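Single-structure report; data block below.
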Amino acid sequence: MEILILGPQGSGKGTQAKLIASEYGFAHIATGEILREAVTAGTELGLRVQPILEAGELVPDELMIELIRNRLDEPDAAEGFVLDGFPRTLVQAEALDAMLAEIARPLVAVFEFLIADDVCIQRLLTRAELEGRTDDAPEVIAKRLALYHEITEPVVEHYRATGRLVGIHADRPVEEVFGEVQAALDRAGVA
Ligand code: AP5
């Protein structure tokens, strides 16, 4: 069962992806987390992407596509996965579609988290105080959200055209958002 979550930074993709993964036994594949772990570990990938993450820019498509191709091959993804943070560009979306077609694993649900920018900004500023993520500085948040609207929203339209896109009202408490997600997964036949 393959699930995709799209939505602006701070909309709660990671929070809900973790809940789905734990409730349904799927792998949670979060590209931002994979990249931050590489930065912390000081790997070649980490050194390359660190300035990009800190600036709130997007990591090049070829690198991200390769990373996802390898990650989907890992054993924990065999029963299903929740993708959080990928795809963010049309090139990535088309690469993902091709990868999934190749292995005959279609997406069962694509969620679009609907929420206003000002709510996202407030959440990320709160997270900055609690966790100190370097890209949660005000000017970097503004850059990330601008890139979402410019580059990632066309990806939402790409999936809307498939008829599998489900809008989720993400400006509500975590449990309520998860309730709506679960209802949509029930309708999609995910057990
Ligand atoms: P990534 O880690 O994916 O960051 P992001 O997209 O900015 O997402 P966030 O983690 O900020 O938001 P989220 O929607 O997951 O919300 P969360 O649940 O955490 O990417 C980081 C960077 O990596 C990118 O900028 C880019 O450089 C690079 N990158 C990654 N993927 C890439 C790709 N495919 N292509 C190119 N580059 C890529 O919640 C946010 C906060 O809100 C938390 O504190 C949470 O506790 C709180 N919260 C969550 N839900 C609620 C709720 N319902 N009510 C109140 N608070 C809530």
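A note on labels: chains of the structure tokens are A, B, ... as shown, every chain counts residues from 1, and ligands are counted from 1 in their shown order.
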Dump as a Markdown table the rows for residues of chain A within 7 Å of ligand 1: closest atom pair and distance in Å with one decimal, only C-alpha atoms and all ligand atoms counted, ordered by chain and rising residue number.
```
| residue | atom | partner | partner_atom_place_in_ligand_line | distance |
| --- | --- | --- | --- | --- |
| A:Gly7 | CA | ligand 1 | 14 (O) | 6.3 |
| A:Pro8 | CA | ligand 1 | 14 (O) | 5.9 |
| A:Gln9 | CA | ligand 1 | 7 (O) | 4.0 |
| A:Gly10 | CA | ligand 1 | 12 (O) | 3.6 |
| A:Ser11 | CA | ligand 1 | 14 (O) | 4.1 |
| A:Gly12 | CA | ligand 1 | 18 (O) | 3.3 |
| A:Lys13 | CA | ligand 1 | 14 (O) | 3.8 |
| A:Gly14 | CA | ligand 1 | 15 (O) | 3.6 |
| A:Thr15 | CA | ligand 1 | 18 (O) | 3.6 |
| A:Gln16 | CA | ligand 1 | 18 (O) | 6.5 |
| A:Ala30 | CA | ligand 1 | 3 (O) | 6.4 |
| A:Thr31 | CA | ligand 1 | 31 (N) | 4.5 |
| A:Gly32 | CA | ligand 1 | 2 (O) | 3.2 |
| A:Glu33 | CA | ligand 1 | 2 (O) | 5.5 |
| A:Leu35 | CA | ligand 1 | 23 (O) | 6.3 |
| A:Ile52 | CA | ligand 1 | 27 (O) | 5.6 |
| A:Leu53 | CA | ligand 1 | 27 (O) | 3.9 |
| A:Gly56 | CA | ligand 1 | 25 (O) | 4.5 |
| A:Glu57 | CA | ligand 1 | 27 (O) | 4.8 |
| A:Leu58 | CA | ligand 1 | 37 (N) | 3.8 |
| A:Val59 | CA | ligand 1 | 37 (N) | 3.9 |
| A:Pro60 | CA | ligand 1 | 36 (C) | 6.1 |
| A:Asp61 | CA | ligand 1 | 35 (N) | 6.3 |
| A:Met64 | CA | ligand 1 | 35 (N) | 5.8 |
| A:Asp84 | CA | ligand 1 | 3 (O) | 6.6 |
| A:Gly85 | CA | ligand 1 | 3 (O) | 4.3 |
| A:Phe86 | CA | ligand 1 | 34 (N) | 3.9 |
| A:Pro87 | CA | ligand 1 | 34 (N) | 4.9 |
| A:Arg88 | CA | ligand 1 | 34 (N) | 4.8 |
| A:Arg123 | CA | ligand 1 | 42 (O) | 4.6 |
| A:Leu124 | CA | ligand 1 | 41 (C) | 5.5 |
| A:Thr126 | CA | ligand 1 | 44 (O) | 6.7 |
| A:Arg127 | CA | ligand 1 | 44 (O) | 4.5 |
| A:Arg144 | CA | ligand 1 | 25 (O) | 6.0 |
| A:Ala170 | CA | ligand 1 | 53 (N) | 6.1 |
| A:Asp171 | CA | ligand 1 | 53 (N) | 5.9 |
| A:Arg172 | CA | ligand 1 | 53 (N) | 5.0 |
| A:Pro173 | CA | ligand 1 | 53 (N) | 4.2 |
| A:Val174 | CA | ligand 1 | 53 (N) | 3.7 |
| A:Val177 | CA | ligand 1 | 53 (N) | 6.4 |
```
Need the shell around segment 153-159 of chain A: protein/DNA/RNA residues with any atom at most 12 Å away, counting only C-alpha atoms. Skip same-chain ones fewer than 6 positions apart. Format as a ChimeraX atom specification? /A:4-8,85-97,107-114,145-147,165-167
Given the choices A:Gly179, A:Leu125, A:Gly163, A:Leu185, which gets closest to Tyr24 of chain A if the distance is worked out from only C-alpha atoms? A:Leu185
Among segment 27-122 of chain A, which ones does DSSP place in strand (DSSP E or B), written as a list of chain:residue names?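 Filtering segment 27-122 of chain A to strand (DSSP E or B) leaves A:Ala27, A:His28, A:Ile29, A:Ala30, A:Phe81, A:Val82, A:Leu83, A:Asp84, A:Leu107, A:Val108, A:Ala109, A:Val110, A:Phe111, A:Glu112, A:Phe113, A:Leu114.
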Output file for the residues above (N, CA and C atoms, as a short mmCIF file (atom, residue, chain, number, x, y, z; two decimals), in the first residue's frame):
```cif
data_model
loop_
_atom_site.label_atom_id
_atom_site.label_comp_id
_atom_site.auth_asym_id
_atom_site.auth_seq_id
_atom_site.Cartn_x
_atom_site.Cartn_y
_atom_site.Cartn_z
N ALA A 27 6.43 1.50 6.03
CA ALA A 27 7.67 2.25 6.24
C ALA A 27 7.37 3.75 6.07
N HIS A 28 7.98 4.55 6.94
CA HIS A 28 7.86 6.01 6.80
C HIS A 28 9.13 6.50 6.11
N ILE A 29 8.97 7.01 4.90
CA ILE A 29 10.14 7.48 4.15
C ILE A 29 10.08 9.00 4.07
N ALA A 30 10.92 9.65 4.87
CA ALA A 30 10.93 11.11 4.96
C ALA A 30 12.25 11.61 4.41
N PHE A 81 4.56 1.86 1.98
CA PHE A 81 5.33 2.99 2.52
C PHE A 81 4.52 4.28 2.45
N VAL A 82 4.89 5.20 3.33
CA VAL A 82 4.31 6.53 3.30
C VAL A 82 5.44 7.47 2.92
N LEU A 83 5.29 8.14 1.80
CA LEU A 83 6.32 9.06 1.33
C LEU A 83 6.01 10.47 1.83
N ASP A 84 6.98 11.06 2.50
CA ASP A 84 6.80 12.38 3.12
C ASP A 84 7.99 13.26 2.69
N LEU A 107 0.08 4.06 -6.36
CA LEU A 107 -0.27 4.80 -5.14
C LEU A 107 -1.74 4.55 -4.81
N VAL A 108 -2.05 4.20 -3.56
CA VAL A 108 -3.46 4.00 -3.20
C VAL A 108 -4.10 5.31 -2.76
N ALA A 109 -3.28 6.21 -2.23
CA ALA A 109 -3.83 7.50 -1.81
C ALA A 109 -2.75 8.57 -1.89
N VAL A 110 -3.18 9.75 -2.33
CA VAL A 110 -2.28 10.91 -2.34
C VAL A 110 -3.00 12.00 -1.54
N PHE A 111 -2.42 12.37 -0.42
CA PHE A 111 -3.05 13.39 0.43
C PHE A 111 -2.47 14.77 0.14
N GLU A 112 -3.36 15.75 0.11
CA GLU A 112 -2.92 17.14 0.05
C GLU A 112 -3.35 17.81 1.36
N PHE A 113 -2.37 18.20 2.17
CA PHE A 113 -2.69 18.86 3.44
C PHE A 113 -2.97 20.34 3.17
N LEU A 114 -4.19 20.75 3.54
CA LEU A 114 -4.66 22.11 3.26
C LEU A 114 -4.54 22.96 4.52
#
```
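Taking segment 130-173 of chain A and asking which residues DSSP calls helix (DSSP H, G or I) on the backbone, you get A:Leu130, A:Glu131, A:Thr134, A:Asp135, A:Asp136, A:Pro138, A:Glu139, A:Val140, A:Ile141, A:Ala142, A:Lys143, A:Arg144, A:Leu145, A:Ala146, A:Leu147, A:Tyr148, A:His149, A:Glu150, A:Ile151, A:Thr152, A:Glu153, A:Pro154, A:Val155, A:Val156, A:Glu157, A:His158, A:Tyr159, A:Arg160.
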12 Å contact set for Ala78 of chain A, only C-alpha atoms, chain neighbours under 2 positions out, as a short mmCIF file (atom, residue, chain, number, x, y, z; two decimals) with C-alpha atoms, in the first residue's frame:
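Printed below is result-v2.cif as written:
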```
data_model
loop_
_atom_site.label_atom_id
_atom_site.label_comp_id
_atom_site.auth_asym_id
_atom_site.auth_seq_id
_atom_site.Cartn_x
_atom_site.Cartn_y
_atom_site.Cartn_z
CA MET A 1 0.00 0.00 0.00
CA GLU A 2 1.73 3.12 -1.22
CA GLY A 25 2.83 -1.15 9.64
CA PHE A 26 4.22 0.74 6.64
CA ALA A 27 7.67 2.25 6.24
CA HIS A 28 7.86 6.01 6.80
CA ARG A 71 15.26 3.53 -0.33
CA LEU A 72 12.21 1.89 -1.97
CA ASP A 73 14.32 -1.23 -2.51
CA GLU A 74 14.90 -1.72 1.22
CA PRO A 75 13.05 -4.64 2.85
CA ASP A 76 10.94 -2.55 5.24
CA GLY A 80 3.96 -0.47 1.89
CA PHE A 81 5.33 2.99 2.52
CA VAL A 82 4.31 6.53 3.30
CA ILE A 103 7.43 -2.47 -9.83
CA ARG A 105 2.93 -0.73 -7.04
#
```
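One distance worth recording is that between atom CA of His169 of chain A and atom CA of Asp136 of chain A, which is 22.8 Å.
Between atom CA of Gln122 of chain A and atom CA of Ile141 of chain A lies a distance of 10.1 Å.
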List the spatial neighbours of segment 38-40 of chain A as a ChimeraX atom specification - criterion: any atom at most 12 Å away, only C-alpha atoms, same-chain residues fewer than 4 positions off excluded. /A:31-34,44-54,67,134
Output the selection as a compact mmCIF listing (two decimals), in the first residue's frame - N, CA and C atoms for each residue.
```
# COMPACT_ATOMS: atom_id res chain seq x y z
N THR A 31 12.21 12.24 3.25
CA THR A 31 13.47 12.63 2.60
C THR A 31 14.25 13.66 3.43
N GLY A 32 13.54 14.58 4.07
CA GLY A 32 14.23 15.58 4.88
C GLY A 32 15.01 14.91 6.02
N GLU A 33 14.39 13.91 6.64
CA GLU A 33 15.07 13.20 7.75
C GLU A 33 16.29 12.46 7.25
N ILE A 34 16.16 11.81 6.10
CA ILE A 34 17.30 11.07 5.53
C ILE A 34 18.46 12.04 5.29
N GLU A 44 29.42 11.91 2.60
CA GLU A 44 29.63 12.71 1.38
C GLU A 44 28.32 13.41 0.98
N LEU A 45 27.22 12.63 1.05
CA LEU A 45 25.90 13.21 0.74
C LEU A 45 25.60 14.36 1.70
N GLY A 46 25.86 14.14 2.98
CA GLY A 46 25.59 15.15 4.00
C GLY A 46 26.34 16.44 3.75
N LEU A 47 27.63 16.30 3.42
CA LEU A 47 28.45 17.49 3.18
C LEU A 47 27.93 18.26 1.97
N ARG A 48 27.46 17.49 0.98
CA ARG A 48 26.99 18.14 -0.25
C ARG A 48 25.67 18.89 -0.01
N VAL A 49 24.78 18.28 0.79
CA VAL A 49 23.44 18.91 0.91
C VAL A 49 23.32 19.90 2.06
N GLN A 50 24.26 19.89 2.99
CA GLN A 50 24.13 20.77 4.17
C GLN A 50 23.85 22.24 3.81
N PRO A 51 24.65 22.86 2.91
CA PRO A 51 24.35 24.27 2.60
C PRO A 51 22.99 24.46 1.93
N ILE A 52 22.55 23.45 1.19
CA ILE A 52 21.25 23.55 0.50
C ILE A 52 20.12 23.54 1.53
N LEU A 53 20.21 22.62 2.50
CA LEU A 53 19.18 22.55 3.55
C LEU A 53 19.16 23.84 4.36
N GLU A 54 20.35 24.32 4.72
CA GLU A 54 20.41 25.52 5.56
C GLU A 54 19.83 26.74 4.86
N LEU A 67 18.24 8.65 -4.46
CA LEU A 67 18.06 8.34 -3.04
C LEU A 67 16.76 7.55 -2.82
N THR A 134 17.89 24.22 11.98
CA THR A 134 18.51 25.43 11.41
C THR A 134 17.66 26.05 10.30
```
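Nearest to Asp135 of chain A of all the residues A:Arg36, A:Asp117, A:Ala41, A:Phe178 is A:Arg36, counting only C-alpha atoms.
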Closest of A:Lys143, A:Pro106, A:Arg164, A:Ala101 to Ile121 of chain A - atom-to-atom distances counting only C-alpha atoms: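 Closest residue, counting only C-alpha atoms: A:Lys143.
Atom CA of Arg160 of chain A is found 21.5 Å from atom CA of Ile20 of chain A.
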Residue nearest Ala98 of chain A - candidates A:Cys120, A:Ile65, A:Ala183, A:Ala142, atoms counted: only C-alpha atoms: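 Answer, going by the shortest atom-to-atom distance: A:Ile65.
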